[in-house]
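Asker: Sharing structure_22.csv below, CSV, C-alpha atoms:
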chain,number,residue,atom,x,y,z
A,1,MET,CA,8.6,-46.1,-25.4
A,2,ASN,CA,11.3,-44.4,-27.4
A,3,SER,CA,14.0,-42.4,-25.6
A,4,ILE,CA,17.2,-40.8,-26.6
A,5,ASN,CA,20.7,-40.9,-25.4
A,6,ILE,CA,22.5,-37.6,-24.7
A,7,ASN,CA,25.9,-37.0,-23.2
A,8,HIS,CA,25.4,-34.4,-20.4
A,9,LYS,CA,28.9,-33.2,-20.9
A,10,ASP,CA,28.0,-31.9,-24.4
A,11,LEU,CA,25.5,-29.5,-22.8
A,12,TYR,CA,25.9,-26.4,-20.6
A,13,ARG,CA,25.1,-27.2,-17.0
A,14,LEU,CA,22.9,-24.2,-15.9
A,15,PRO,CA,24.8,-22.6,-13.0
A,16,TRP,CA,21.9,-22.3,-10.7
A,17,SER,CA,22.4,-23.2,-7.0
A,18,LEU,CA,20.5,-22.9,-3.7
A,19,PRO,CA,21.9,-19.4,-2.8
A,20,ASP,CA,22.3,-18.1,-6.3
A,21,ASN,CA,19.4,-18.9,-8.7
A,22,ALA,CA,17.5,-17.4,-11.6
A,23,ILE,CA,14.1,-18.0,-10.0
A,24,SER,CA,12.5,-18.2,-6.6
A,25,TRP,CA,9.0,-19.5,-5.9
A,26,LEU,CA,6.4,-17.5,-3.8
A,27,GLU,CA,3.1,-19.1,-2.7
A,28,PRO,CA,0.7,-16.6,-1.2
A,29,THR,CA,-2.2,-19.1,-1.3
A,30,SER,CA,-2.9,-22.8,-2.0
A,31,MET,CA,-6.5,-22.0,-3.1
A,32,CYS,CA,-7.2,-22.9,-6.7
A,33,ASN,CA,-10.2,-22.7,-9.1
A,34,LEU,CA,-9.3,-25.8,-11.0
A,35,SER,CA,-8.4,-29.4,-9.9
A,36,CYS,CA,-5.4,-30.5,-12.0
A,37,ASP,CA,-4.7,-34.2,-12.1
A,38,GLY,CA,-1.3,-34.7,-10.4
A,39,CYS,CA,-1.2,-31.4,-8.6
A,40,TYR,CA,1.2,-31.5,-5.7
A,41,ARG,CA,-0.6,-28.9,-3.6
A,42,GLU,CA,-3.6,-29.5,-1.4
A,43,ASN,CA,-6.4,-27.1,-2.6
A,44,LEU,CA,-7.5,-25.2,0.6
A,45,LYS,CA,-10.1,-22.4,0.4
A,46,ASN,CA,-9.0,-20.5,3.5
A,47,SER,CA,-5.3,-20.7,2.8
A,48,HIS,CA,-4.3,-17.1,2.0
A,49,LEU,CA,-1.2,-15.9,3.8
A,50,THR,CA,-1.5,-12.4,5.3
A,51,LEU,CA,0.2,-9.7,3.3
A,52,ASN,CA,2.8,-9.4,6.1
A,53,GLU,CA,3.5,-13.1,5.9
A,54,VAL,CA,4.0,-12.8,2.1
A,55,LYS,CA,6.4,-9.9,2.6
A,56,HIS,CA,8.3,-11.9,5.3
A,57,HIS,CA,8.8,-14.7,2.7
A,58,LEU,CA,10.2,-12.2,0.4
A,59,ASP,CA,12.5,-11.0,3.1
A,60,VAL,CA,13.7,-14.6,3.6
A,61,PHE,CA,14.5,-14.8,-0.2
A,62,GLN,CA,16.4,-11.5,0.0
A,63,ASN,CA,18.4,-12.7,3.0
A,64,LEU,CA,19.2,-16.2,1.7
A,65,ARG,CA,18.9,-16.3,-2.1
A,66,ASN,CA,20.3,-14.2,-4.9
A,67,THR,CA,17.6,-14.3,-7.6
A,68,ASP,CA,16.4,-12.7,-10.8
A,69,CYS,CA,12.7,-13.2,-10.6
A,70,ILE,CA,10.0,-14.2,-8.2
A,71,SER,CA,7.4,-16.7,-9.6
A,72,ILE,CA,4.1,-16.0,-7.7
A,73,ALA,CA,2.4,-19.4,-7.7
A,74,GLY,CA,0.0,-21.4,-5.5
A,75,GLY,CA,-2.8,-22.5,-5.8
A,76,ASP,CA,-3.7,-19.8,-8.2
A,77,PRO,CA,-2.3,-16.4,-7.2
A,78,LEU,CA,-4.9,-14.5,-9.1
A,79,LEU,CA,-7.3,-15.6,-6.4
A,80,TYR,CA,-5.3,-13.7,-3.8
A,81,PRO,CA,-7.1,-10.4,-2.9
A,82,ASP,CA,-3.9,-8.3,-2.8
A,83,ILE,CA,-2.1,-9.8,-5.8
A,84,THR,CA,-1.3,-6.4,-7.3
A,85,GLU,CA,0.3,-5.2,-4.1
A,86,ILE,CA,2.5,-8.4,-4.0
A,87,VAL,CA,3.6,-7.6,-7.6
A,88,SER,CA,4.3,-4.0,-6.7
A,89,ASP,CA,6.4,-5.0,-3.7
A,90,ILE,CA,8.4,-7.5,-5.7
A,91,LYS,CA,9.1,-4.9,-8.3
A,92,LYS,CA,10.2,-2.4,-5.7
A,93,ARG,CA,12.7,-5.0,-4.3
A,94,GLY,CA,14.3,-5.2,-7.7
A,95,PHE,CA,13.0,-8.6,-8.8
A,96,LYS,CA,11.0,-9.5,-11.8
A,97,PRO,CA,7.4,-10.4,-10.8
A,98,ILE,CA,6.1,-13.5,-12.7
A,99,ILE,CA,2.5,-14.7,-12.3
A,100,ASN,CA,2.1,-18.5,-12.5
A,101,THR,CA,-1.6,-19.2,-13.2
A,102,ASN,CA,-4.1,-21.4,-15.0
A,103,GLY,CA,-5.5,-18.1,-16.4
A,104,LYS,CA,-9.1,-18.8,-15.5
A,105,ALA,CA,-9.4,-15.7,-13.3
A,106,LEU,CA,-7.5,-13.3,-15.6
A,107,THR,CA,-9.5,-10.4,-17.1
A,108,PHE,CA,-8.1,-7.6,-19.2
A,109,GLU,CA,-8.9,-5.2,-16.4
A,110,LEU,CA,-6.9,-7.2,-13.9
A,111,LEU,CA,-4.1,-7.6,-16.4
A,112,ASN,CA,-3.9,-3.8,-16.8
A,113,ASP,CA,-3.8,-3.4,-13.0
A,114,LEU,CA,-1.0,-6.0,-12.8
A,115,LYS,CA,0.9,-4.3,-15.6
A,116,LYS,CA,0.7,-0.9,-13.7
A,117,ALA,CA,1.9,-2.7,-10.6
A,118,GLY,CA,5.0,-3.9,-12.5
A,119,VAL,CA,4.3,-7.5,-13.6
A,120,TYR,CA,7.1,-8.8,-15.8
A,121,GLY,CA,5.5,-11.9,-17.2
A,122,PHE,CA,3.0,-14.7,-17.0
A,123,THR,CA,3.4,-18.5,-17.1
A,124,PHE,CA,0.0,-20.1,-17.9
A,125,HIS,CA,-0.4,-23.7,-17.0
A,126,VAL,CA,-2.8,-25.2,-19.6
A,127,ASP,CA,-3.3,-28.9,-20.2
A,128,SER,CA,-6.2,-31.4,-20.8
A,129,LYS,CA,-6.3,-32.8,-17.2
A,130,GLN,CA,-7.3,-29.7,-15.3
A,131,GLY,CA,-11.0,-30.2,-15.2
A,132,ARG,CA,-11.7,-27.1,-17.2
A,133,GLY,CA,-15.4,-26.6,-18.0
A,134,GLY,CA,-17.4,-24.7,-20.7
A,135,LYS,CA,-16.2,-24.9,-24.2
A,136,TRP,CA,-12.8,-26.3,-23.1
A,137,LYS,CA,-14.3,-29.4,-21.5
A,138,GLY,CA,-12.9,-32.6,-23.0
A,139,LYS,CA,-10.5,-30.8,-25.3
A,140,ASN,CA,-7.2,-32.5,-26.1
A,141,GLU,CA,-3.8,-30.7,-25.9
A,142,SER,CA,-3.9,-29.7,-29.5
A,143,GLU,CA,-7.4,-28.3,-29.3
A,144,LEU,CA,-6.3,-26.3,-26.2
A,145,ASN,CA,-3.9,-24.4,-28.3
A,146,ASP,CA,-6.8,-22.1,-29.0
A,147,LEU,CA,-7.0,-21.3,-25.3
A,148,ARG,CA,-3.3,-20.7,-25.2
A,149,LEU,CA,-3.5,-18.3,-28.1
A,150,GLU,CA,-6.2,-16.3,-26.3
A,151,TYR,CA,-3.9,-15.8,-23.3
A,152,ALA,CA,-0.9,-15.0,-25.5
A,153,GLU,CA,-2.9,-12.5,-27.5
A,154,MET,CA,-4.2,-10.9,-24.4
A,155,LEU,CA,-0.6,-10.3,-23.1
A,156,ALA,CA,0.4,-9.1,-26.6
A,157,LYS,CA,-2.4,-6.6,-26.6
A,158,ALA,CA,-1.4,-5.3,-23.2
A,159,GLY,CA,2.2,-5.1,-24.5
A,160,GLY,CA,5.6,-5.5,-22.9
A,161,ILE,CA,4.8,-8.7,-20.9
A,162,SER,CA,6.7,-12.0,-21.1
A,163,CYS,CA,4.5,-15.0,-22.1
A,164,SER,CA,5.2,-18.6,-21.2
A,165,PHE,CA,3.2,-21.8,-21.0
A,166,ASN,CA,3.5,-24.9,-18.9
A,167,SER,CA,1.9,-28.3,-19.6
A,168,THR,CA,2.0,-31.5,-17.7
A,169,VAL,CA,2.8,-34.5,-19.9
A,170,TYR,CA,1.2,-37.9,-19.3
A,171,GLU,CA,1.7,-41.1,-21.1
A,172,ASP,CA,-1.5,-40.6,-23.1
A,173,THR,CA,-0.8,-36.9,-23.9
A,174,LEU,CA,2.9,-37.3,-24.9
A,175,GLN,CA,1.7,-37.8,-28.5
A,176,TYR,CA,0.5,-34.1,-28.6
A,177,VAL,CA,3.8,-32.5,-27.6
A,178,PRO,CA,5.2,-32.1,-31.2
A,179,GLU,CA,2.0,-30.3,-32.2
A,180,MET,CA,2.4,-28.0,-29.2
A,181,VAL,CA,6.0,-27.3,-30.1
A,182,ASP,CA,5.0,-26.5,-33.6
A,183,TRP,CA,2.2,-24.2,-32.4
A,184,ALA,CA,4.7,-22.3,-30.2
A,185,HIS,CA,6.9,-21.9,-33.4
A,186,LYS,CA,3.9,-20.5,-35.3
A,187,ASN,CA,3.4,-17.9,-32.5
A,188,ILE,CA,7.1,-17.3,-31.8
A,189,ASP,CA,6.4,-13.5,-31.9
A,190,ILE,CA,4.2,-13.6,-28.8
A,191,VAL,CA,5.0,-16.9,-27.1
A,192,HIS,CA,8.4,-16.7,-25.5
A,193,THR,CA,8.8,-20.0,-23.6
A,194,MET,CA,7.1,-23.4,-23.7
A,195,VAL,CA,7.6,-25.8,-20.8
A,196,PHE,CA,6.7,-29.5,-20.6
A,197,ILE,CA,6.7,-31.2,-17.1
A,198,VAL,CA,6.4,-35.0,-17.0
A,199,PHE,CA,3.8,-36.4,-14.6
A,200,ARG,CA,4.8,-37.8,-11.2
A,201,HIS,CA,2.7,-39.3,-8.4
A,202,VAL,CA,2.9,-41.9,-5.7
A,203,ILE,CA,1.2,-45.1,-6.9
A,204,PRO,CA,0.3,-48.5,-5.3
A,205,ASP,CA,3.0,-50.6,-7.0
A,206,MET,CA,6.0,-48.5,-6.2
A,207,PRO,CA,8.6,-50.8,-4.6
A,208,PHE,CA,9.1,-48.6,-1.5
A,209,ASP,CA,8.0,-48.1,2.0
A,210,TRP,CA,7.6,-44.5,3.1
A,211,TYR,CA,8.8,-43.1,6.4
A,212,ALA,CA,8.6,-39.8,8.2
A,213,GLY,CA,11.5,-40.1,10.5
A,214,SER,CA,11.2,-43.6,12.1
A,215,LYS,CA,7.4,-43.7,11.6
A,216,LYS,CA,6.1,-45.7,8.6
A,217,VAL,CA,3.6,-43.7,6.5
A,218,ASP,CA,0.8,-45.3,4.4
A,219,TRP,CA,1.4,-44.4,0.7
A,220,ASP,CA,-2.2,-43.5,0.2
A,221,LYS,CA,-2.1,-40.9,2.9
A,222,ILE,CA,0.5,-38.8,1.0
A,223,THR,CA,-1.2,-35.8,-0.7
A,224,TYR,CA,0.2,-36.5,-4.1
A,225,HIS,CA,-0.9,-40.1,-4.7
A,226,SER,CA,-3.0,-41.9,-7.2
A,227,ASP,CA,-5.3,-44.8,-6.1
A,228,TYR,CA,-4.4,-46.8,-9.2
A,229,ASN,CA,-1.2,-47.6,-11.1
A,230,ARG,CA,-0.1,-45.2,-13.8
A,231,ASN,CA,3.1,-44.4,-15.7
A,232,VAL,CA,5.2,-42.2,-13.4
A,233,GLU,CA,8.5,-42.9,-15.1
A,234,LEU,CA,8.4,-40.7,-18.2
A,235,LEU,CA,11.7,-38.9,-18.7
A,236,SER,CA,12.6,-35.6,-20.2
A,237,THR,CA,14.5,-37.5,-22.8
A,238,ASP,CA,11.3,-39.4,-23.7
A,239,VAL,CA,9.7,-36.1,-24.5
A,240,LEU,CA,12.7,-35.0,-26.4
A,241,ALA,CA,12.6,-38.2,-28.5
A,242,LYS,CA,8.9,-37.6,-29.3
A,243,VAL,CA,9.7,-34.1,-30.5
A,244,LYS,CA,12.6,-35.2,-32.6
A,245,GLU,CA,10.4,-37.7,-34.4
A,246,SER,CA,8.7,-34.6,-36.0
A,247,PHE,CA,11.6,-32.2,-35.8
A,248,PRO,CA,14.9,-34.0,-36.2
A,249,ASP,CA,17.0,-30.8,-35.9
A,250,PHE,CA,15.5,-30.0,-32.4
A,251,ALA,CA,18.5,-29.9,-30.1
A,252,PRO,CA,18.8,-29.0,-26.4
A,253,ALA,CA,21.7,-26.8,-25.2
A,254,ALA,CA,21.6,-26.7,-21.4
A,255,TYR,CA,20.4,-28.8,-18.5
A,256,LEU,CA,20.1,-29.2,-14.7
A,257,ASN,CA,21.3,-32.6,-13.3
A,258,GLY,CA,19.8,-34.6,-10.4
A,259,THR,CA,21.0,-34.5,-6.8
A,260,VAL,CA,21.8,-38.2,-7.0
A,261,LYS,CA,22.4,-38.8,-10.7
A,262,PRO,CA,24.7,-36.2,-12.3
A,263,ASP,CA,23.8,-37.5,-15.8
A,264,SER,CA,20.1,-37.2,-15.4
A,265,PHE,CA,18.3,-34.3,-17.2
A,266,LYS,CA,15.9,-32.7,-14.7
A,267,TRP,CA,15.7,-29.5,-16.7
A,268,LEU,CA,16.5,-29.8,-20.4
A,269,MET,CA,16.6,-26.5,-22.3
A,270,ALA,CA,16.6,-25.7,-26.0
A,271,GLU,CA,16.9,-22.2,-27.5
A,272,ARG,CA,15.8,-21.6,-31.1
A,273,ILE,CA,15.9,-18.7,-33.5
A,274,GLY,CA,13.4,-18.1,-36.2
A,275,THR,CA,10.4,-16.4,-37.7
A,276,LYS,CA,6.8,-17.5,-37.6
A,277,LYS,CA,7.4,-19.3,-40.9
A,278,LYS,CA,10.8,-20.9,-40.4
A,279,ILE,CA,13.1,-22.0,-37.6
A,280,PHE,CA,16.7,-21.3,-38.7
A,281,GLY,CA,18.3,-23.4,-36.0
A,282,TYR,CA,19.0,-24.2,-32.3
A,283,THR,CA,21.7,-22.5,-30.3
A,284,GLY,CA,24.5,-24.5,-28.6
A,285,PRO,CA,25.7,-24.5,-25.0
A,286,LYS,CA,28.2,-21.7,-25.5
A,287,PHE,CA,25.4,-19.3,-26.4
A,288,ILE,CA,23.5,-20.1,-23.1
A,289,GLU,CA,26.8,-19.9,-21.1
A,290,LEU,CA,27.5,-16.5,-22.6
A,291,VAL,CA,24.1,-15.1,-21.9
A,292,MET,CA,24.1,-16.4,-18.3
A,293,SER,CA,27.6,-15.2,-17.6
A,294,VAL,CA,27.2,-11.7,-19.1
A,295,HIS,CA,23.9,-11.2,-17.3
A,296,HIS,CA,25.4,-12.3,-14.0
A,297,PHE,CA,28.4,-10.1,-14.5
A,298,ILE,CA,26.3,-7.0,-15.3
A,299,LYS,CA,23.1,-7.6,-13.2
A,300,GLY,CA,24.5,-9.8,-10.5
A,301,THR,CA,21.9,-12.6,-11.2
A,302,TYR,CA,21.5,-15.4,-13.6
A,303,LEU,CA,18.9,-14.7,-16.3
A,304,SER,CA,15.4,-16.2,-16.0
A,305,TYR,CA,12.5,-14.7,-18.0
A,306,THR,CA,13.2,-12.4,-20.9
A,307,SER,CA,11.2,-9.4,-22.1
A,308,PRO,CA,9.4,-9.4,-25.5
A,309,ALA,CA,11.9,-6.8,-26.6
A,310,LEU,CA,14.8,-9.1,-25.9
A,311,ASN,CA,13.0,-12.0,-27.6
A,312,ARG,CA,12.9,-9.9,-30.8
A,313,THR,CA,16.7,-9.7,-31.0
A,314,GLY,CA,17.3,-13.0,-32.7
A,315,ARG,CA,18.7,-11.3,-35.8
A,316,ALA,CA,21.0,-9.1,-33.7
A,317,ALA,CA,22.2,-12.1,-31.8
A,318,LEU,CA,23.1,-13.9,-35.0
A,319,LEU,CA,24.9,-10.9,-36.5
A,320,LEU,CA,26.8,-10.0,-33.4
A,321,LEU,CA,27.5,-13.3,-31.7
A,322,TRP,CA,28.2,-15.7,-34.6
A,323,PRO,CA,32.0,-15.7,-34.0
A,324,PHE,CA,31.5,-17.2,-30.6
A,325,GLU,CA,29.8,-20.4,-31.4
A,326,LYS,CA,29.6,-22.9,-34.3
A,327,SER,CA,25.9,-23.4,-33.9
A,328,LEU,CA,25.2,-19.7,-34.4
A,329,ARG,CA,27.3,-19.7,-37.5
A,330,LYS,CA,25.2,-22.6,-38.9
A,331,ILE,CA,22.0,-20.6,-38.0
A,332,LEU,CA,23.4,-17.5,-39.6
A,333,ILE,CA,24.1,-19.4,-42.9
A,334,ASN,CA,20.5,-20.6,-42.9
A,335,PHE,CA,19.3,-17.1,-42.1
A,336,LEU,CA,21.3,-15.5,-45.0
A,337,LYS,CA,20.1,-18.1,-47.6
A,338,ASN,CA,17.4,-15.5,-48.1
A,339,PRO,CA,19.0,-12.0,-48.0
A,340,LEU,CA,15.6,-10.5,-47.4
A,341,ASN,CA,15.8,-12.0,-43.9
A,342,LEU,CA,18.1,-9.1,-43.0
A,343,PHE,CA,15.1,-6.9,-43.1
A,344,ARG,CA,12.9,-9.2,-41.1
A,345,LYS,CA,12.6,-9.7,-37.3
A,346,ALA,CA,13.9,-13.0,-36.0
A,347,TYR,CA,12.9,-14.2,-32.6
A,348,LEU,CA,14.4,-16.2,-29.7
A,349,GLN,CA,12.2,-18.9,-28.1
A,350,THR,CA,12.9,-21.3,-25.3
A,351,VAL,CA,11.5,-24.8,-25.1
A,352,MET,CA,12.1,-26.8,-21.9
A,353,PHE,CA,11.4,-30.3,-20.5
A,354,ILE,CA,11.3,-30.8,-16.8
A,355,GLN,CA,11.5,-34.2,-15.0
A,356,PRO,CA,10.5,-34.0,-11.3
A,357,VAL,CA,11.6,-36.5,-8.6
A,358,ASP,CA,12.9,-39.9,-9.6
A,359,PHE,CA,13.8,-42.9,-7.4
A,360,THR,CA,16.8,-45.1,-7.6
A,361,GLU,CA,16.6,-48.9,-6.8
A,362,LYS,CA,18.1,-48.1,-3.4
A,363,GLY,CA,15.2,-45.6,-2.7
A,364,ASP,CA,17.3,-42.5,-3.1
A,365,GLN,CA,15.2,-39.5,-4.3
A,366,ASN,CA,16.8,-37.8,-7.3
A,367,MET,CA,15.7,-34.2,-7.0
A,368,CYS,CA,16.5,-31.2,-9.2
A,369,ASP,CA,20.0,-30.0,-8.3
A,370,GLY,CA,19.9,-26.2,-8.3
A,371,CYS,CA,16.1,-26.2,-8.3
A,372,PRO,CA,14.6,-22.8,-9.3
A,373,ASP,CA,11.2,-23.7,-7.8
A,374,ILE,CA,12.5,-23.3,-4.2
A,375,THR,CA,10.0,-21.7,-1.8
A,376,VAL,CA,9.8,-20.6,1.8
A,377,TYR,CA,8.4,-22.7,4.6
A,378,LYS,CA,8.9,-21.8,8.3
A,379,ASP,CA,11.8,-19.5,7.3
A,380,GLU,CA,13.6,-22.3,5.4
A,381,LEU,CA,14.2,-22.7,1.7
A,382,ILE,CA,12.5,-26.0,0.6
A,383,TRP,CA,11.4,-27.7,-2.6
A,384,SER,CA,7.9,-26.4,-3.5
A,385,CYS,CA,6.9,-29.7,-5.1
A,386,ARG,CA,7.2,-31.5,-1.8
A,387,MET,CA,5.9,-28.8,0.6
A,388,GLU,CA,2.9,-31.0,1.6
A,389,GLU,CA,5.3,-33.5,3.2
A,390,ARG,CA,6.6,-30.7,5.5
A,391,LYS,CA,3.0,-29.6,6.2
A,392,GLN,CA,1.8,-33.2,7.0
A,393,TYR,CA,4.8,-34.7,8.8
A,394,ASP,CA,7.1,-31.7,9.5
A,395,THR,CA,9.9,-33.6,7.8
A,396,TRP,CA,10.8,-35.0,4.3
A,397,LEU,CA,9.6,-38.5,3.6
A,398,ARG,CA,12.2,-41.2,3.0
A,399,THR,CA,11.7,-44.1,0.7
A,400,VAL,CA,13.1,-47.5,1.6
A,401,PRO,CA,13.0,-50.5,-0.7
A,402,LYS,CA,10.4,-53.1,0.4
A,403,ASN,CA,11.8,-56.4,1.7
Turn this file's structure into structure tokens for me.
Answerer:
Amino acid sequence: MNSININHKDLYRLPWSLPDNAISWLEPTSMCNLSCDGCYRENLKNSHLTLNEVKHHLDVFQNLRNTDCISIAGGDPLLYPDITEIVSDIKKRGFKPIINTNGKALTFELLNDLKKAGVYGFTFHVDSKQGRGGKWKGKNESELNDLRLEYAEMLAKAGGISCSFNSTVYEDTLQYVPEMVDWAHKNIDIVHTMVFIVFRHVIPDMPFDWYAGSKKVDWDKITYHSDYNRNVELLSTDVLAKVKESFPDFAPAAYLNGTVKPDSFKWLMAERIGTKKKIFGYTGPKFIELVMSVHHFIKGTYLSYTSPALNRTGRAALLLLWPFEKSLRKILINFLKNPLNLFRKAYLQTVMFIQPVDFTEKGDQNMCDGCPDITVYKDELIWSCRMEERKQYDTWLRTVPKN
């Protein structure tokens, strides 16, 4: 498999931390209407938290964590009966409410209700291993771009709502990532963020024993396990390498490191400026640093999701900020090669690669340092991707190399 070498010191380390982060992760339910391969949450029908419990989780975030937005996830939050009230409460607390959903339960009527309640954006998780039925059954990642477009156009019709997409990347679907990146470019006016998350699971041949405290745990009793061996070692840089095969100029600008390995790329972010017909270039680390620093100075939080209005300011960003960064000057030169571009809208679009937990040879678990997807469990802030460990064993699982 092709990979690529990057010096992490050449990128901007996103300033997110446990108490001061762009995003926080709220889970009002673990109930879902799909069954995604590799999901880290147990799908339980009777798992809705009470509205008071949900509001208490929000209280915990307010007390312990400075945050820009609340990602409402699950399960699928659209199955929660009081989802509009949750959105309204988050909005009143001064956070951006973001719905993380597979989209299956979304209707235009519900969308309008959520907009009235104050929803800021949606992140739709769409990939080919979700068990979708109907006309989407058996469709590959490229063919599912038609479904993604349906959701993006629905939000665009409602107006003023941020639109993002997540997709899990497996060894056999990595080949489609460049086509999805290209699709996002062609819809840069209504698709604001595209995120690719590499697949992780516990598999039989992992060279570790698992422990909850001093008690050994059978690997196949862990919620997120596969009964057969699969590739669980894809890296964010593998995905980047695949994209650069088709788009050599594609360049990340910012990252989150791992808790154990400072030079690992757990979140790898690229920001590009362009029109539906042409990408003029990719911003550098100073641009991301400027945006994060100014937002924190003015708003008191690091920036997470951006509004459609802000995404339409690519031209203004170039004309106003080009003195601050070499990459913006290069983009501006490309932009001005056609003087008519001065009269056209240029858009900002984020593309991100996420690499969940990795393991060192010593059994250390390399998590996302400054993880945005932190949730609440028993009044503590914990990693949402490993909540089932706390539910099953009331502690984090340790990995120890086998003898």
Asker: Give me the residues of segment 153-234 of chain A that have any atom at most 7 Å from an atom of segment 29-50 of chain A; for each, the nearest atom pair and the distance in Å, rounded to one decimal. Use all atoms listed in the file, sort by chain and number, and format it as JSON lines.
Answerer:
{"residue": "A:Phe199", "atom": "CA", "partner": "A:Gly38", "partner_atom": "CA", "distance": 6.8}
{"residue": "A:Arg200", "atom": "CA", "partner": "A:Gly38", "partner_atom": "CA", "distance": 6.9}
{"residue": "A:His201", "atom": "CA", "partner": "A:Gly38", "partner_atom": "CA", "distance": 6.4}
{"residue": "A:Thr223", "atom": "CA", "partner": "A:Glu42", "partner_atom": "CA", "distance": 6.8}
{"residue": "A:Tyr224", "atom": "CA", "partner": "A:Tyr40", "partner_atom": "CA", "distance": 5.3}
Asker: So the first atom is atom CA of Lys215 of chain A and the second is atom CA of Val357 of chain A; what is the distance between them in Å, to one decimal place?
Answerer: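 These two atoms are separated by 21.9 Å.
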Asker: Show me, as a list in words, the residues that have an atom within 12 Å of Lys326 of chain A when counting only C-alpha atoms, minus same-chain residues fewer than 4 positions from it.
Answerer: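 In the requested form, the answer reads Gly281, Tyr282, Thr283, Gly284, Pro285, Lys286, Phe287, Leu318, Leu321, Trp322, Lys330, Ile331, Leu332 and Ile333 of chain A.
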Asker: For the residues in the current selection, export C-alpha atoms as a compact mmCIF listing (two decimals), keeping the file's coordinate frame.
Answerer:
# COMPACT_ATOMS: atom_id res chain seq x y z
CA GLY A 281 18.30 -23.40 -36.00
CA TYR A 282 19.00 -24.20 -32.30
CA THR A 283 21.70 -22.50 -30.30
CA GLY A 284 24.50 -24.50 -28.60
CA PRO A 285 25.70 -24.50 -25.00
CA LYS A 286 28.20 -21.70 -25.50
CA PHE A 287 25.40 -19.30 -26.40
CA LEU A 318 23.10 -13.90 -35.00
CA LEU A 321 27.50 -13.30 -31.70
CA TRP A 322 28.20 -15.70 -34.60
CA LYS A 330 25.20 -22.60 -38.90
CA ILE A 331 22.00 -20.60 -38.00
CA LEU A 332 23.40 -17.50 -39.60
CA ILE A 333 24.10 -19.40 -42.90
Asker: Figure out the distance between atom CA of Ile4 of chain A and atom CA of Phe208 of chain A, please, to one decimal in Å.
Answerer: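 Answer for the atom CA of Phe208 of chain A to atom CA of Ile4 of chain A separation: 27.5 Å.
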Asker: Which residues come within 12 Å of Ser214 of chain A, counting all atoms listed in the file, excluding same-chain residues fewer than 6 positions away, as an NGL selection string?
Answerer: :A and (393 or 395-400)
Asker: Considering all atoms listed in the file, state which residue in the set A:Ile374, A:Leu256, A:Ile382, A:Met367 is at the smallest distance from His8 of chain A.
Answerer: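 Among the listed residues, A:Leu256 lies closest to His8 of chain A.
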